[in-house]
Amino acid sequence: MLTEPHRRLNRLTGEWLLVSPHRTTRPWQGQVEEPVIEQRPSYDAGCYLCPGNERAGGARTPGYQSTYVFDNDFAALKPDTPPLQVDVEGLLVAHSERGVCRVVCYSPRHDLTLGEMTSDAIARVVDTWTGQYAELGAVDWVNHVLIFENRGAMMGASNPHPHGQIWANERLPDEPARELHQQQAYAERGGCLLCDYLGVELEDGERIVCHNEHFVALVPFWAVWPFETVVLPRAHGGTLPDLAAEERAGLADILPRLARRYDRLFGVTFPYSMGFHQRPTDGLDHPEWHLHAHFYPPLLRSATVRKFMVGYELLAQPQRDITPESAAQRLRDLPED
Ligand SMILES: [Zn+2]
Ligand SMILES: [Zn+2]
Ligand SMILES: [Zn+2]
């Protein structure tokens with residue numbers, strides 16, 4: 001239906017996306033990157049996340065069995081930052097920001113990825129994320145907890161050991177703030193934005209990638225990145241701790257299945273940034289917030305050809321050629337193992 005150039009509304013952020021489906025046959029004449037051949041040992045003596053190894057600053061990673069969480073040795077935020085306000089003529093405006101930055105090791109094995117771990121092992125990662133959100137969110141001055149992962153050198157991950165990060169901080173960051181505003185505005189008309197959106201997507205089916213009894217992975221109608229996906233619980237809930245035990249098992253089932261599809265798409269350990277958007281922890285109820293995870297992978301056409309956010313994207317708005325529908329079909333048609 002949408003075969004000509006058009007704009008799509010990102011219902012979650014209120015931002016627009018330009019789609020140019022007619023350009024998908026355009027030949028590629030830009031940069032081609034060399035694929036990174038990854039051959040990793042199960043233990044690396046030089047890896048600070050492998051059990052028993054020393055980290056920068058002298059701390060030692062213990063001999064852990066499943067997951068391991070520690071305060072980032074190079075934290076971007078500190079819990080004891082003193083309060084400070086700057087306001088020069090309303091033009092130079094700044095304020096201090098407190099926070100806690102942690103690292104979550106998914107496995108003692110250096111060589112695994114989310115797609116290579118068993119659902120049982122990932123269930124322990126989900127339990128760890130759940131406990132961390134509850135613990136950090138309970139700190140009185142922490143108003144937002146972001147659990148995320150950068151995977152692959154292309155996304156700036158400095159270490160291939162399977163791990164993610166948690167940044168908990170004082171104020172709601174911009175992206176969750178946009179999503180909060182959109183979900184609140186929708187709820188004022190009645191209903192939950194993402195419950196209703198998931199209903200429309202399940203009815204349509206064209207952008208669904210994979211699903212189980214409790215979770216659905218799909219390429220959102222407004223996806224900016226070529227193979228961007230969102231993972232949504234079927235039942236309404238705002239946080240990982242809101243999930244029942246069988247729902248957490250459903251999340252541990254769908255994450256590696258989605259990751260394996262990504263890894264198969266271009267025959268390479270797929271780089272991505274992923275993260276969970278959960279209810280702010282500012283003490284308010286936020287019944288409108290619907291838990292979800294985003295996957296933002298940069299690859300466009302092969303293991304070496306990535307999408308860049310440049311030119312029109314930087315100066316005007318995001319744009320894509322390959323449609324979300326065709327990206328979903330390619331991911332959907334891949335085997336999961
Ligand atoms: Zn390691
Ligand atoms: Zn909902
Ligand atoms: Zn989100």
# chains A, B, ... in the order shown; residues from 1 in each chain; ligands from 1
call {"tool": "residues_near_ligand", "arguments": {"ligand": "ligand 1", "cutoff": "7 Å", "atoms": "only C-alpha atoms and all ligand atoms", "output": "ChimeraX atom specification"}}
result
/A:43-44,47-50,109-110,161
call {"tool": "write_last_selection", "arguments": {"atoms": "N, CA, C and O atoms", "output": "CSV table (one decimal), in the first residue's frame"}}
result
chain,number,residue,atom,x,y,z
A,43,TYR,N,37.8,-18.7,27.7
A,43,TYR,CA,38.4,-17.9,28.7
A,43,TYR,C,39.5,-17.1,28.1
A,43,TYR,O,40.3,-17.6,27.3
A,44,ASP,N,39.6,-15.8,28.5
A,44,ASP,CA,40.7,-15.0,28.0
A,44,ASP,C,41.4,-14.3,29.2
A,44,ASP,O,40.8,-13.5,29.9
A,47,CYS,N,41.0,-10.6,29.6
A,47,CYS,CA,39.6,-10.0,29.7
A,47,CYS,C,39.2,-9.7,31.2
A,47,CYS,O,39.2,-10.6,32.0
A,48,TYR,N,38.9,-8.5,31.5
A,48,TYR,CA,38.6,-8.1,32.8
A,48,TYR,C,37.3,-8.6,33.3
A,48,TYR,O,37.0,-8.6,34.5
A,49,LEU,N,36.4,-9.2,32.4
A,49,LEU,CA,35.1,-9.7,32.8
A,49,LEU,C,35.2,-11.2,33.0
A,49,LEU,O,34.2,-11.8,33.5
A,50,CYS,N,36.2,-11.9,32.6
A,50,CYS,CA,36.4,-13.3,32.8
A,50,CYS,C,36.6,-13.6,34.3
A,50,CYS,O,37.3,-12.8,34.9
A,109,ARG,N,31.5,-17.5,30.6
A,109,ARG,CA,32.1,-17.9,29.3
A,109,ARG,C,32.3,-16.7,28.5
A,109,ARG,O,31.4,-15.9,28.2
A,110,HIS,N,33.6,-16.5,28.0
A,110,HIS,CA,34.0,-15.4,27.2
A,110,HIS,C,33.5,-15.4,25.8
A,110,HIS,O,33.3,-14.4,25.2
A,161,HIS,N,33.2,-10.1,25.6
A,161,HIS,CA,32.6,-10.9,26.7
A,161,HIS,C,31.1,-10.5,26.8
A,161,HIS,O,30.8,-9.3,26.9
call {"tool": "residues_around", "arguments": {"residues": "range 307-310 of chain A", "least_positions_apart": "6", "cutoff": "6 Å", "atoms": "only C-alpha atoms", "output": "PyMOL selection string"}}
result
chain A and resi 298-300
call {"tool": "write_last_selection", "arguments": {"atoms": "N, CA, C and O atoms", "output": "short mmCIF file (atom, residue, chain, number, x, y, z; two decimals), in the first residue's frame"}}
result
data_model
loop_
_atom_site.label_atom_id
_atom_site.label_comp_id
_atom_site.auth_asym_id
_atom_site.auth_seq_id
_atom_site.Cartn_x
_atom_site.Cartn_y
_atom_site.Cartn_z
N PRO A 298 22.83 -1.68 13.41
CA PRO A 298 23.21 -0.73 12.37
C PRO A 298 23.34 -1.32 10.97
O PRO A 298 23.38 -0.58 10.01
N LEU A 299 23.41 -2.68 10.87
CA LEU A 299 23.70 -3.27 9.55
C LEU A 299 22.54 -3.07 8.59
O LEU A 299 21.37 -3.18 8.95
N LEU A 300 22.90 -2.81 7.31
CA LEU A 300 21.91 -2.50 6.29
C LEU A 300 21.80 -3.59 5.23
O LEU A 300 20.72 -4.08 4.93
#
call {"tool": "select_by_dssp", "arguments": {"residues": "range 218-303 of chain A", "states": "strand (DSSP E or B)", "output": "list in words"}}
result
Leu218, Thr229, Val230, Val231, Leu232, Pro233, Tyr272, Ser273, Met274, Gly275, Phe276, His277, His292, Ala293, His294, Phe295, Tyr296 and Leu299 of chain A
call {"tool": "write_last_selection", "arguments": {"atoms": "all heavy atoms", "output": "compact mmCIF listing (two decimals), in the first residue's frame"}}
result
# COMPACT_ATOMS: atom_id res chain seq x y z
N LEU A 218 8.70 -7.70 16.88
CA LEU A 218 8.25 -7.18 15.59
C LEU A 218 9.09 -6.00 15.17
O LEU A 218 9.77 -5.36 15.99
CB LEU A 218 6.77 -6.80 15.67
CG LEU A 218 6.34 -5.76 16.70
CD1 LEU A 218 6.38 -4.35 16.12
CD2 LEU A 218 4.93 -6.05 17.20
N THR A 229 13.98 -3.81 15.85
CA THR A 229 12.80 -4.52 16.37
C THR A 229 12.44 -4.00 17.76
O THR A 229 13.24 -3.33 18.43
CB THR A 229 13.03 -6.05 16.51
OG1 THR A 229 14.20 -6.27 17.30
CG2 THR A 229 13.18 -6.73 15.17
N VAL A 230 11.21 -4.31 18.16
CA VAL A 230 10.77 -4.05 19.52
C VAL A 230 10.20 -5.37 20.05
O VAL A 230 9.60 -6.14 19.30
CB VAL A 230 9.75 -2.88 19.57
CG1 VAL A 230 8.46 -3.23 18.87
CG2 VAL A 230 9.47 -2.44 21.00
N VAL A 231 10.48 -5.66 21.32
CA VAL A 231 9.99 -6.88 21.96
C VAL A 231 8.97 -6.46 23.01
O VAL A 231 9.29 -5.71 23.94
CB VAL A 231 11.15 -7.67 22.61
CG1 VAL A 231 10.62 -8.92 23.30
CG2 VAL A 231 12.19 -8.05 21.55
N LEU A 232 7.74 -6.94 22.83
CA LEU A 232 6.62 -6.50 23.67
C LEU A 232 5.99 -7.66 24.42
O LEU A 232 5.69 -8.69 23.81
CB LEU A 232 5.53 -5.88 22.78
CG LEU A 232 5.83 -4.54 22.11
CD1 LEU A 232 4.86 -4.30 20.98
CD2 LEU A 232 5.75 -3.43 23.14
N PRO A 233 5.74 -7.49 25.74
CA PRO A 233 4.92 -8.48 26.43
C PRO A 233 3.47 -8.35 25.97
O PRO A 233 2.98 -7.24 25.72
CB PRO A 233 5.07 -8.11 27.90
CG PRO A 233 5.45 -6.67 27.91
CD PRO A 233 6.17 -6.39 26.61
N TYR A 272 24.53 -4.65 17.71
CA TYR A 272 23.31 -3.90 18.03
C TYR A 272 23.48 -3.13 19.34
O TYR A 272 24.37 -3.43 20.13
CB TYR A 272 22.09 -4.82 18.16
CG TYR A 272 22.20 -5.92 19.22
CD1 TYR A 272 22.18 -5.62 20.58
CD2 TYR A 272 22.33 -7.25 18.85
CE1 TYR A 272 22.29 -6.63 21.52
CE2 TYR A 272 22.44 -8.26 19.79
CZ TYR A 272 22.42 -7.95 21.13
OH TYR A 272 22.55 -8.93 22.07
N SER A 273 22.61 -2.16 19.54
CA SER A 273 22.34 -1.64 20.88
C SER A 273 20.94 -2.10 21.23
O SER A 273 20.02 -1.98 20.41
CB SER A 273 22.39 -0.11 20.92
OG SER A 273 23.72 0.33 20.95
N MET A 274 20.78 -2.70 22.39
CA MET A 274 19.44 -3.09 22.83
C MET A 274 19.24 -2.56 24.24
O MET A 274 20.20 -2.28 24.96
CB MET A 274 19.24 -4.61 22.79
CG MET A 274 20.00 -5.40 23.82
SD MET A 274 19.19 -5.47 25.45
CE MET A 274 18.02 -6.78 25.20
N GLY A 275 17.97 -2.40 24.64
CA GLY A 275 17.72 -1.95 26.00
C GLY A 275 16.25 -2.00 26.34
O GLY A 275 15.40 -2.06 25.44
N PHE A 276 15.98 -2.01 27.64
CA PHE A 276 14.61 -2.09 28.14
C PHE A 276 14.12 -0.71 28.57
O PHE A 276 14.81 -0.01 29.32
CB PHE A 276 14.53 -3.03 29.35
CG PHE A 276 14.71 -4.48 28.98
CD1 PHE A 276 15.97 -5.05 28.98
CD2 PHE A 276 13.63 -5.25 28.61
CE1 PHE A 276 16.15 -6.38 28.62
CE2 PHE A 276 13.79 -6.59 28.26
CZ PHE A 276 15.06 -7.15 28.27
N HIS A 277 12.95 -0.36 28.08
CA HIS A 277 12.29 0.85 28.56
C HIS A 277 11.23 0.43 29.57
O HIS A 277 10.24 -0.22 29.22
CB HIS A 277 11.67 1.63 27.39
CG HIS A 277 12.66 2.50 26.70
ND1 HIS A 277 12.56 2.87 25.38
CD2 HIS A 277 13.79 3.10 27.17
CE1 HIS A 277 13.59 3.65 25.06
NE2 HIS A 277 14.35 3.79 26.13
N HIS A 292 8.89 -2.64 27.39
CA HIS A 292 9.32 -3.14 26.08
C HIS A 292 10.83 -3.06 25.97
O HIS A 292 11.48 -2.34 26.73
CB HIS A 292 8.66 -2.35 24.95
CG HIS A 292 8.93 -0.87 25.01
ND1 HIS A 292 8.26 -0.01 25.84
CD2 HIS A 292 9.83 -0.11 24.35
CE1 HIS A 292 8.71 1.22 25.67
NE2 HIS A 292 9.66 1.19 24.79
N ALA A 293 11.37 -3.81 25.00
CA ALA A 293 12.80 -3.74 24.69
C ALA A 293 12.95 -3.32 23.24
O ALA A 293 12.17 -3.73 22.38
CB ALA A 293 13.46 -5.09 24.91
N HIS A 294 13.95 -2.47 22.97
CA HIS A 294 14.30 -2.08 21.60
C HIS A 294 15.60 -2.76 21.20
O HIS A 294 16.52 -2.85 22.01
CB HIS A 294 14.55 -0.57 21.51
CG HIS A 294 13.38 0.30 21.82
ND1 HIS A 294 12.39 0.58 20.90
CD2 HIS A 294 13.02 0.97 22.94
CE1 HIS A 294 11.49 1.39 21.44
NE2 HIS A 294 11.85 1.64 22.69
N PHE A 295 15.68 -3.21 19.95
CA PHE A 295 16.95 -3.61 19.36
C PHE A 295 17.23 -2.66 18.20
O PHE A 295 16.40 -2.52 17.30
CB PHE A 295 16.88 -5.05 18.80
CG PHE A 295 17.06 -6.12 19.84
CD1 PHE A 295 16.02 -6.46 20.70
CD2 PHE A 295 18.28 -6.79 19.97
CE1 PHE A 295 16.19 -7.45 21.66
CE2 PHE A 295 18.45 -7.78 20.93
CZ PHE A 295 17.41 -8.11 21.78
N TYR A 296 18.39 -2.00 18.26
CA TYR A 296 18.80 -1.08 17.19
C TYR A 296 20.09 -1.59 16.55
O TYR A 296 21.18 -1.26 17.01
CB TYR A 296 19.03 0.33 17.77
CG TYR A 296 17.80 0.97 18.37
CD1 TYR A 296 17.80 1.44 19.68
CD2 TYR A 296 16.64 1.15 17.61
CE1 TYR A 296 16.68 2.05 20.23
CE2 TYR A 296 15.51 1.76 18.16
CZ TYR A 296 15.55 2.21 19.46
OH TYR A 296 14.45 2.81 19.99
N LEU A 299 23.41 -2.68 10.87
CA LEU A 299 23.70 -3.27 9.55
C LEU A 299 22.54 -3.07 8.59
O LEU A 299 21.37 -3.18 8.95
CB LEU A 299 24.04 -4.75 9.68
CG LEU A 299 25.35 -5.05 10.40
CD1 LEU A 299 25.60 -6.55 10.44
CD2 LEU A 299 26.52 -4.33 9.75
call {"tool": "residues_near_ligand", "arguments": {"ligand": "ligand 2", "cutoff": "9 Å", "atoms": "only C-alpha atoms and all ligand atoms", "output": "PDB file with N, CA, C and O atoms, in the first residue's frame"}}
result
ATOM      1  N   GLY A 191      -7.199   3.567  27.317  1.00  0.00           N
ATOM      2  CA  GLY A 191      -6.419   2.465  26.746  1.00  0.00           C
ATOM      3  C   GLY A 191      -4.924   2.684  26.847  1.00  0.00           C
ATOM      4  O   GLY A 191      -4.456   3.778  27.150  1.00  0.00           O
ATOM      5  N   CYS A 192      -4.188   1.618  26.590  1.00  0.00           N
ATOM      6  CA  CYS A 192      -2.718   1.663  26.617  1.00  0.00           C
ATOM      7  C   CYS A 192      -2.205   1.690  25.189  1.00  0.00           C
ATOM      8  O   CYS A 192      -2.617   0.876  24.352  1.00  0.00           O
ATOM      9  N   LEU A 193      -1.300   2.620  24.900  1.00  0.00           N
ATOM     10  CA  LEU A 193      -0.769   2.793  23.547  1.00  0.00           C
ATOM     11  C   LEU A 193      -0.191   1.479  23.013  1.00  0.00           C
ATOM     12  O   LEU A 193      -0.522   1.047  21.908  1.00  0.00           O
ATOM     13  N   LEU A 194       0.693   0.840  23.796  1.00  0.00           N
ATOM     14  CA  LEU A 194       1.378  -0.348  23.271  1.00  0.00           C
ATOM     15  C   LEU A 194       0.499  -1.599  23.297  1.00  0.00           C
ATOM     16  O   LEU A 194       0.675  -2.474  22.447  1.00  0.00           O
ATOM     17  N   CYS A 195      -0.438  -1.710  24.244  1.00  0.00           N
ATOM     18  CA  CYS A 195      -1.414  -2.816  24.178  1.00  0.00           C
ATOM     19  C   CYS A 195      -2.210  -2.703  22.882  1.00  0.00           C
ATOM     20  O   CYS A 195      -2.375  -3.684  22.144  1.00  0.00           O
ATOM     21  N   ASP A 196      -2.703  -1.484  22.586  1.00  0.00           N
ATOM     22  CA  ASP A 196      -3.512  -1.288  21.383  1.00  0.00           C
ATOM     23  C   ASP A 196      -2.666  -1.471  20.126  1.00  0.00           C
ATOM     24  O   ASP A 196      -3.111  -2.054  19.138  1.00  0.00           O
ATOM     25  N   TYR A 197      -1.419  -0.943  20.154  1.00  0.00           N
ATOM     26  CA  TYR A 197      -0.528  -1.075  18.994  1.00  0.00           C
ATOM     27  C   TYR A 197      -0.237  -2.551  18.706  1.00  0.00           C
ATOM     28  O   TYR A 197      -0.286  -2.993  17.550  1.00  0.00           O
ATOM     29  N   LEU A 198       0.056  -3.320  19.773  1.00  0.00           N
ATOM     30  CA  LEU A 198       0.336  -4.751  19.583  1.00  0.00           C
ATOM     31  C   LEU A 198      -0.881  -5.455  18.988  1.00  0.00           C
ATOM     32  O   LEU A 198      -0.743  -6.332  18.123  1.00  0.00           O
ATOM     33  N   PRO A 233       5.737  -7.486  25.735  1.00  0.00           N
ATOM     34  CA  PRO A 233       4.922  -8.484  26.426  1.00  0.00           C
ATOM     35  C   PRO A 233       3.468  -8.350  25.965  1.00  0.00           C
ATOM     36  O   PRO A 233       2.984  -7.243  25.719  1.00  0.00           O
ATOM     37  N   ARG A 234       2.794  -9.494  25.820  1.00  0.00           N
ATOM     38  CA  ARG A 234       1.389  -9.455  25.389  1.00  0.00           C
ATOM     39  C   ARG A 234       0.502  -8.852  26.479  1.00  0.00           C
ATOM     40  O   ARG A 234      -0.469  -8.152  26.187  1.00  0.00           O
ATOM     41  N   ALA A 235       0.846  -9.135  27.753  1.00  0.00           N
ATOM     42  CA  ALA A 235       0.038  -8.623  28.864  1.00  0.00           C
ATOM     43  C   ALA A 235       0.580  -7.269  29.303  1.00  0.00           C
ATOM     44  O   ALA A 235       1.780  -6.999  29.203  1.00  0.00           O
ATOM     45  N   HIS A 236      -0.298  -6.410  29.783  1.00  0.00           N
ATOM     46  CA  HIS A 236       0.133  -5.083  30.212  1.00  0.00           C
ATOM     47  C   HIS A 236       0.914  -5.140  31.519  1.00  0.00           C
ATOM     48  O   HIS A 236       0.482  -5.766  32.487  1.00  0.00           O
ATOM     49  N   GLY A 237       2.066  -4.508  31.534  1.00  0.00           N
ATOM     50  CA  GLY A 237       2.877  -4.380  32.741  1.00  0.00           C
ATOM     51  C   GLY A 237       3.961  -3.377  32.450  1.00  0.00           C
ATOM     52  O   GLY A 237       4.346  -3.208  31.292  1.00  0.00           O
ATOM     53  N   GLY A 238       4.440  -2.681  33.488  1.00  0.00           N
ATOM     54  CA  GLY A 238       5.362  -1.581  33.258  1.00  0.00           C
ATOM     55  C   GLY A 238       6.825  -1.887  33.487  1.00  0.00           C
ATOM     56  O   GLY A 238       7.690  -1.108  33.089  1.00  0.00           O
ATOM     57  N   PRO A 287       0.594   4.093  35.385  1.00  0.00           N
ATOM     58  CA  PRO A 287      -0.126   2.910  34.889  1.00  0.00           C
ATOM     59  C   PRO A 287      -0.115   2.819  33.364  1.00  0.00           C
ATOM     60  O   PRO A 287      -0.370   1.763  32.802  1.00  0.00           O
ATOM     61  N   GLU A 288       0.199   3.937  32.686  1.00  0.00           N
ATOM     62  CA  GLU A 288       0.181   3.960  31.217  1.00  0.00           C
ATOM     63  C   GLU A 288       1.416   3.303  30.607  1.00  0.00           C
ATOM     64  O   GLU A 288       1.444   3.006  29.421  1.00  0.00           O
ATOM     65  N   TRP A 289       2.474   3.085  31.409  1.00  0.00           N
ATOM     66  CA  TRP A 289       3.743   2.603  30.843  1.00  0.00           C
ATOM     67  C   TRP A 289       3.672   1.115  30.535  1.00  0.00           C
ATOM     68  O   TRP A 289       3.304   0.300  31.363  1.00  0.00           O
ATOM     69  N   HIS A 290       4.059   0.755  29.310  1.00  0.00           N
ATOM     70  CA  HIS A 290       4.075  -0.648  28.874  1.00  0.00           C
ATOM     71  C   HIS A 290       5.536  -1.050  28.629  1.00  0.00           C
ATOM     72  O   HIS A 290       6.198  -0.500  27.750  1.00  0.00           O
ATOM     73  N   LEU A 291       6.018  -2.005  29.429  1.00  0.00           N
ATOM     74  CA  LEU A 291       7.389  -2.519  29.304  1.00  0.00           C
ATOM     75  C   LEU A 291       7.695  -2.936  27.867  1.00  0.00           C
ATOM     76  O   LEU A 291       6.853  -3.543  27.207  1.00  0.00           O
TER      77      LEU A 291
END
call {"tool": "residues_around", "arguments": {"residues": "Asp321 in chain A", "least_positions_apart": "6", "cutoff": "10 Å", "atoms": "only C-alpha atoms", "output": "count of residues only"}}
result
13
call {"tool": "select_by_dssp", "arguments": {"residues": "range 211-283 of chain A", "states": "alpha helix (DSSP H)", "output": "list in words"}}
result
Ala245, Glu246, Glu247, Arg248, Ala249, Gly250, Leu251, Ala252, Asp253, Ile254, Leu255, Pro256, Arg257, Leu258, Ala259, Arg260, Arg261, Tyr262, Asp263, Arg264 and Leu265 of chain A
call {"tool": "closest_residue", "arguments": {"among": "A:Phe215, A:Phe227, A:Trp222, A:Tyr262", "to": "Ala249 in chain A", "atoms": "only C-alpha atoms"}}
result
A:Phe215
call {"tool": "closest_residue", "arguments": {"among": "A:Ile322, A:Ala123, A:Ala223, A:Leu17", "to": "ligand 3", "atoms": "only C-alpha atoms and all ligand atoms"}}
result
A:Ala223
call {"tool": "closest_residue", "arguments": {"among": "A:His144, A:His181, A:Arg55, A:Arg7", "to": "Ile166 in chain A", "atoms": "only C-alpha atoms"}}
result
A:His144
call {"tool": "closest_residue", "arguments": {"among": "A:Glu179, A:Glu213, A:Glu54, A:Asp333", "to": "ligand 3", "atoms": "only C-alpha atoms and all ligand atoms"}}
result
A:Glu179
call {"tool": "residues_around", "arguments": {"residues": "Gln65 in chain A", "least_positions_apart": "6", "cutoff": "10 Å", "atoms": "only C-alpha atoms", "output": "PDB file with N, CA, C and O atoms, in the first residue's frame"}}
result
ATOM      1  N   PRO A  51      36.109 -14.713  34.805  1.00  0.00           N
ATOM      2  CA  PRO A  51      36.245 -15.001  36.239  1.00  0.00           C
ATOM      3  C   PRO A  51      37.701 -15.030  36.691  1.00  0.00           C
ATOM      4  O   PRO A  51      38.558 -15.594  36.015  1.00  0.00           O
ATOM      5  N   TYR A 106      26.816 -11.609  31.606  1.00  0.00           N
ATOM      6  CA  TYR A 106      25.736 -12.567  31.364  1.00  0.00           C
ATOM      7  C   TYR A 106      26.169 -14.005  31.668  1.00  0.00           C
ATOM      8  O   TYR A 106      25.326 -14.865  31.946  1.00  0.00           O
ATOM      9  N   SER A 107      27.475 -14.262  31.537  1.00  0.00           N
ATOM     10  CA  SER A 107      27.979 -15.637  31.636  1.00  0.00           C
ATOM     11  C   SER A 107      29.467 -15.579  31.957  1.00  0.00           C
ATOM     12  O   SER A 107      30.152 -14.645  31.533  1.00  0.00           O
ATOM     13  N   PRO A 108      30.002 -16.586  32.680  1.00  0.00           N
ATOM     14  CA  PRO A 108      31.451 -16.634  32.868  1.00  0.00           C
ATOM     15  C   PRO A 108      32.183 -16.985  31.576  1.00  0.00           C
ATOM     16  O   PRO A 108      33.380 -16.753  31.462  1.00  0.00           O
ATOM     17  N   ARG A 109      31.459 -17.519  30.592  1.00  0.00           N
ATOM     18  CA  ARG A 109      32.064 -17.903  29.317  1.00  0.00           C
ATOM     19  C   ARG A 109      32.330 -16.675  28.465  1.00  0.00           C
ATOM     20  O   ARG A 109      31.429 -15.900  28.157  1.00  0.00           O
TER      21      ARG A 109
END
call {"tool": "closest_residue", "arguments": {"among": "A:Ala121, A:Ile208, A:Val103, A:Leu2", "to": "Asn159 in chain A", "atoms": "only C-alpha atoms"}}
result
A:Val103
call {"tool": "atom_distance", "arguments": {"atom1": "CA of Ser326 in chain A", "atom2": "CA of Leu12 in chain A"}}
result
21.4 Å
